[in-house]
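The block underneath contains the structure these notes are about, expressed in structure tokens.
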Amino acid sequence: MESGGETRRVVVVGGGIAGSLLAKSLQFNAAVTLIDPKEYLEITWANLRNMVKPSFAERSVINHTDYLTNGRIVTSAATNITDTHVWTSDGHRIAYDYLVIATGHRDVVPNTKTDRLNQYKAENQKIQSANSILIVGGGPTGVELAGEIATDFPDKKVTLVHKGPRLLEFIGTKASNKTLRWLKSRKVEVKLEQAVDLNSSTLDGSHVYKTSSGESIKADCHFLCAGKPLASAWLNDTILKTHLDGNGRLMVDEHLRVNGRANIFAIGDITDIPELKQGFLAQKHAMVVAKNLKLLMSGGVQESKLSKYEPGSAIALVSLGRKDAIAQFPFATISGCLPGLLKSRDLFVGKTRKNMGLQA
């Protein structure tokens, strides 16, 4: 988009669900640069399915070059921001007119799609060769992994240990109880209000893990499914350091602009919006900011014309294997095949690929 005959420079930091969709949406309206340490977008809610079925990752791990055909990609981590430039760890200094921060949560993953797919194959091998598996963490990641393994490998002994009083504490007790019953019906052993020491001893070739209540759990391997930290620590040395709240999230206004900054926006998990941090909401953030940037770049826009973001209500969908799921809506909790049809079969991968302009 031209304002005064000049193409505006938009820099997006972070190539997750929100950042990639925004970059894709603006690539023919501005000179877009996407900064990301890895070469691909990952549809993260498919990660656990990828571990039990590695071929699924072919569609859920997408090279940035597949959808960003008219933009610049800098494969590096952002390290600093000034009023005019973003600096990266490999020495790039990239000028911007508008900046969008979308770095989400920090995850240590390989840089290339090939290496990421190989990682899933290795995780799958770990599951295949184990007779008994310990899963630590009863949030959505731990629950969905237990469900995937119990569905694909029903003969394996799966134990899930969670330090909280119930599974899926971010949603209602009804949904938690239904999830617990479903896992138990698939012979998953669930231990609540216990922590695990992951420094195991070895007995007969298996690992023995001690819990905080003194119990011993024998397992061939373990998966730690704890929450990931926000990828915002790097902002502490930038012009945005005073715009972080006590949890390390960027404080934004109703238009998703960083408070007090006319040309800097934030989207996705890094924002302080009071809502569940979910992929479909991050996509909504991206579309609101895409709309606002198009308006701003066209010049002379009144503040009242900018789109406002309405925080999402508490909708949660947690997959339980291939066909079932737990769904919590503001006024009801349902489980079984109906929510399973919504999420479990394809995990919205086809829909997300279509949003990115790719074949489902």
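Chain labels run A, B, ... following the order of the structure tokens; each chain numbers its residues from 1, and ligands are numbered from 1 in the order shown.
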Q: Extract, using only C-alpha atoms, all DNA, RNA and protein residues at most 10 Å from stretch 272-279 of chain A, discarding same-chain residues fewer than 6 positions from it, and format them as a count of residues only.
A: 33
(Q) If DSSP is run on the backbone, what residues of stretch 92-232 of chain A are strand (DSSP E or B)? A reply as a PyMOL selection string would be ideal. (A) chain A and resi 93-95+98-101+105+132-136+157-162+189-192+196-203+206-211+216-219+221-224+230
Q. Which is closer to A:Glu189 than all the others in A:Arg59, A:Lys157, A:Lys218, A:His207, using only C-alpha atoms?
A.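 Nearest candidate to A:Glu189 out of A:Arg59, A:Lys157, A:Lys218, A:His207: A:Lys157.
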Given only C-alpha atoms, how would the per-residue table for stretch 80-144 of chain A near stretch 237-240 of chain A read, listing every residue at most 6 Å away with its closest atom pair and distance in Å to one decimal, sorted by chain and number, as CSV?
```
residue,atom,partner,partner_atom,distance
A:Asn80,CA,A:Thr238,CA,5.5
A:Ile81,CA,A:Thr238,CA,5.3
A:Thr82,CA,A:Ile239,CA,6.0
```
Could you write those residues out with all heavy atoms, as a CSV table (one decimal), in the first residue's frame?
```csv
chain,number,residue,atom,x,y,z
A,80,ASN,N,16.8,-6.9,19.3
A,80,ASN,CA,16.6,-5.5,19.8
A,80,ASN,C,15.6,-4.7,18.9
A,80,ASN,O,15.5,-5.1,17.7
A,80,ASN,CB,17.9,-4.8,19.9
A,80,ASN,CG,17.8,-3.5,20.8
A,80,ASN,OD1,16.8,-3.3,21.4
A,80,ASN,ND2,18.8,-2.7,20.7
A,81,ILE,N,15.0,-3.7,19.4
A,81,ILE,CA,14.1,-2.9,18.7
A,81,ILE,C,14.4,-1.4,19.1
A,81,ILE,O,14.6,-1.1,20.3
A,81,ILE,CB,12.6,-3.1,19.1
A,81,ILE,CG1,12.2,-4.6,18.7
A,81,ILE,CG2,11.7,-2.1,18.3
A,81,ILE,CD1,10.9,-4.9,19.4
A,82,THR,N,14.5,-0.6,18.0
A,82,THR,CA,14.6,0.9,18.3
A,82,THR,C,13.4,1.5,17.7
A,82,THR,O,12.5,0.8,17.2
A,82,THR,CB,15.9,1.5,17.6
A,82,THR,OG1,15.7,1.4,16.2
A,82,THR,CG2,17.1,0.7,18.0
```
(Q) Quick one: residues within 12 Å of A:Tyr40, only C-alpha atoms, excluding same-chain residues fewer than 2 positions away - as a VMD selection string? (A) chain A and resid 14 to 17 19 to 20 34 to 38 42 to 44 57 to 68 73 to 76 109 to 117
Q. Neighbours of stretch 159-163 of chain A within 8 Å (only C-alpha atoms; same-chain residues fewer than 4 positions away dropped), as a ChimeraX atom specification?
A. /A:132-138,142,146,167,188-196
Please produce a file of the residues just selected, as a compact mmCIF listing (two decimals), in the first residue's frame, where the atoms kept are all heavy atoms.
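Output file selection-v6.txt is given in full below:
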```txt
# COMPACT_ATOMS: atom_id res chain seq x y z
N SER A 132 5.85 -49.13 28.37
CA SER A 132 5.20 -48.29 29.39
C SER A 132 5.69 -46.86 29.24
O SER A 132 6.88 -46.62 29.01
CB SER A 132 5.52 -48.82 30.78
OG SER A 132 6.91 -49.01 30.93
N ILE A 133 4.76 -45.90 29.36
CA ILE A 133 5.08 -44.49 29.10
C ILE A 133 4.54 -43.63 30.23
O ILE A 133 3.38 -43.79 30.65
CB ILE A 133 4.44 -44.05 27.76
CG1 ILE A 133 5.06 -44.83 26.59
CG2 ILE A 133 4.63 -42.54 27.53
CD1 ILE A 133 4.26 -44.81 25.31
N LEU A 134 5.37 -42.72 30.72
CA LEU A 134 4.96 -41.77 31.75
C LEU A 134 4.77 -40.40 31.10
O LEU A 134 5.64 -39.91 30.39
CB LEU A 134 6.04 -41.69 32.85
CG LEU A 134 5.92 -40.54 33.86
CD1 LEU A 134 4.66 -40.68 34.71
CD2 LEU A 134 7.16 -40.48 34.76
N ILE A 135 3.63 -39.79 31.37
CA ILE A 135 3.35 -38.43 30.89
C ILE A 135 3.22 -37.53 32.11
O ILE A 135 2.45 -37.83 33.03
CB ILE A 135 2.06 -38.38 30.05
CG1 ILE A 135 2.25 -39.21 28.78
CG2 ILE A 135 1.69 -36.94 29.69
CD1 ILE A 135 0.98 -39.42 27.97
N VAL A 136 4.00 -36.47 32.14
CA VAL A 136 3.99 -35.55 33.29
C VAL A 136 3.30 -34.26 32.87
O VAL A 136 3.77 -33.54 31.98
CB VAL A 136 5.43 -35.26 33.78
CG1 VAL A 136 5.39 -34.33 35.00
CG2 VAL A 136 6.14 -36.56 34.13
N GLY A 137 2.16 -33.96 33.49
CA GLY A 137 1.40 -32.75 33.17
C GLY A 137 0.01 -33.08 32.67
O GLY A 137 -0.14 -33.80 31.68
N GLY A 138 -1.01 -32.57 33.36
CA GLY A 138 -2.39 -32.87 33.00
C GLY A 138 -3.14 -31.70 32.41
O GLY A 138 -4.36 -31.59 32.55
N GLY A 142 -0.71 -32.75 27.89
CA GLY A 142 -0.58 -34.07 28.51
C GLY A 142 -1.79 -34.95 28.25
O GLY A 142 -1.68 -36.13 27.92
N ALA A 146 -1.80 -38.37 25.99
CA ALA A 146 -2.27 -39.64 26.59
C ALA A 146 -3.38 -40.23 25.72
O ALA A 146 -3.40 -41.44 25.46
CB ALA A 146 -2.78 -39.39 28.01
N LEU A 167 -7.59 -32.58 36.20
CA LEU A 167 -7.05 -32.37 34.86
C LEU A 167 -7.64 -31.11 34.25
O LEU A 167 -8.72 -30.67 34.65
CB LEU A 167 -7.39 -33.57 33.96
CG LEU A 167 -6.85 -34.93 34.40
CD1 LEU A 167 -7.44 -36.04 33.52
CD2 LEU A 167 -5.33 -34.98 34.35
N VAL A 188 -5.76 -45.63 30.95
CA VAL A 188 -4.69 -44.70 31.34
C VAL A 188 -4.77 -44.51 32.84
O VAL A 188 -5.84 -44.22 33.38
CB VAL A 188 -4.86 -43.33 30.63
CG1 VAL A 188 -3.83 -42.33 31.14
CG2 VAL A 188 -4.73 -43.50 29.11
N GLU A 189 -3.65 -44.73 33.53
CA GLU A 189 -3.63 -44.52 34.99
C GLU A 189 -3.34 -43.05 35.26
O GLU A 189 -2.35 -42.50 34.77
CB GLU A 189 -2.55 -45.40 35.63
CG GLU A 189 -2.65 -45.40 37.14
CD GLU A 189 -1.64 -46.35 37.80
OE1 GLU A 189 -0.95 -47.10 37.09
OE2 GLU A 189 -1.55 -46.30 39.04
N VAL A 190 -4.22 -42.39 36.00
CA VAL A 190 -4.07 -40.96 36.28
C VAL A 190 -3.80 -40.74 37.76
O VAL A 190 -4.54 -41.23 38.61
CB VAL A 190 -5.34 -40.17 35.85
CG1 VAL A 190 -5.18 -38.69 36.18
CG2 VAL A 190 -5.62 -40.36 34.36
N LYS A 191 -2.71 -40.05 38.07
CA LYS A 191 -2.36 -39.74 39.46
C LYS A 191 -2.38 -38.22 39.63
O LYS A 191 -1.60 -37.52 38.99
CB LYS A 191 -0.97 -40.28 39.81
CG LYS A 191 -0.89 -41.82 39.76
CD LYS A 191 0.52 -42.28 40.05
CE LYS A 191 0.65 -43.79 39.90
NZ LYS A 191 -0.07 -44.54 40.95
N LEU A 192 -3.28 -37.72 40.48
CA LEU A 192 -3.43 -36.28 40.69
C LEU A 192 -2.71 -35.82 41.95
O LEU A 192 -2.39 -36.63 42.83
CB LEU A 192 -4.92 -35.91 40.77
CG LEU A 192 -5.74 -36.21 39.52
CD1 LEU A 192 -7.22 -36.01 39.78
CD2 LEU A 192 -5.29 -35.36 38.34
N GLU A 193 -2.48 -34.52 42.05
CA GLU A 193 -1.83 -33.90 43.22
C GLU A 193 -0.49 -34.54 43.57
O GLU A 193 -0.17 -34.74 44.73
CB GLU A 193 -2.79 -33.90 44.41
CG GLU A 193 -4.05 -33.09 44.14
CD GLU A 193 -4.95 -32.93 45.34
OE1 GLU A 193 -4.63 -32.09 46.19
OE2 GLU A 193 -5.97 -33.63 45.42
N GLN A 194 0.25 -34.87 42.50
CA GLN A 194 1.60 -35.43 42.71
C GLN A 194 2.56 -34.81 41.70
O GLN A 194 2.19 -34.52 40.57
CB GLN A 194 1.58 -36.95 42.54
CG GLN A 194 0.76 -37.68 43.59
CD GLN A 194 0.97 -39.18 43.52
OE1 GLN A 194 2.11 -39.64 43.49
NE2 GLN A 194 -0.11 -39.94 43.51
N ALA A 195 3.79 -34.63 42.15
CA ALA A 195 4.86 -34.20 41.25
C ALA A 195 5.79 -35.39 41.03
O ALA A 195 5.75 -36.37 41.79
CB ALA A 195 5.62 -33.04 41.87
N VAL A 196 6.61 -35.32 39.98
CA VAL A 196 7.50 -36.44 39.66
C VAL A 196 8.94 -35.94 39.60
O VAL A 196 9.22 -34.88 39.02
CB VAL A 196 7.14 -37.06 38.29
CG1 VAL A 196 8.10 -38.19 37.94
CG2 VAL A 196 5.72 -37.56 38.28
```
Q) Quick one: distance from atom CA of A:Val100 to atom CA of A:Arg257 in Å, one decimal? A)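 Interatomic distance, atom CA of A:Val100 to atom CA of A:Arg257: 8.7 Å.
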Q: May I have the residues within 6 Å of A:Leu320 as a ChimeraX atom specification, using only C-alpha atoms and disregarding those fewer than 5 positions away in the same chain?
A: /A:144,147,325
(Q) Please report the interatomic distance between atom CA of A:Arg93 and atom CA of A:Ala233 in Å with one decimal. (A) 19.7 Å
Q. Per DSSP on the backbone, what are the alpha helix (DSSP H) residues of stretch 103-266 of chain A, as a ChimeraX atom specification?
A. /A:113-128,140-152,173-185
Q) Expressed in Å to a single decimal, how great is the separation between atom CA of A:Pro330 and atom CA of A:Pro229? A) 27.4 Å
Q. Which residue out of A:Ile334, A:Gln125, A:Ser319, A:Thr103 has the minimum interatomic distance to A:Phe348 when only C-alpha atoms are used?
A.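 Between A:Ile334, A:Gln125, A:Ser319, A:Thr103, the residue approaching A:Phe348 most closely is A:Ser319.
For the set A:Lys241, A:Lys323, A:Arg261, A:His255, the residue with the smallest atom-to-atom gap to A:Asp152 is A:Lys323, counting only C-alpha atoms.
With only C-alpha atoms as the basis for measurement, A:Asn292 is the residue among A:Asn292, A:Ser335, A:Thr88, A:Ser212 that approaches A:Asn263 most closely.
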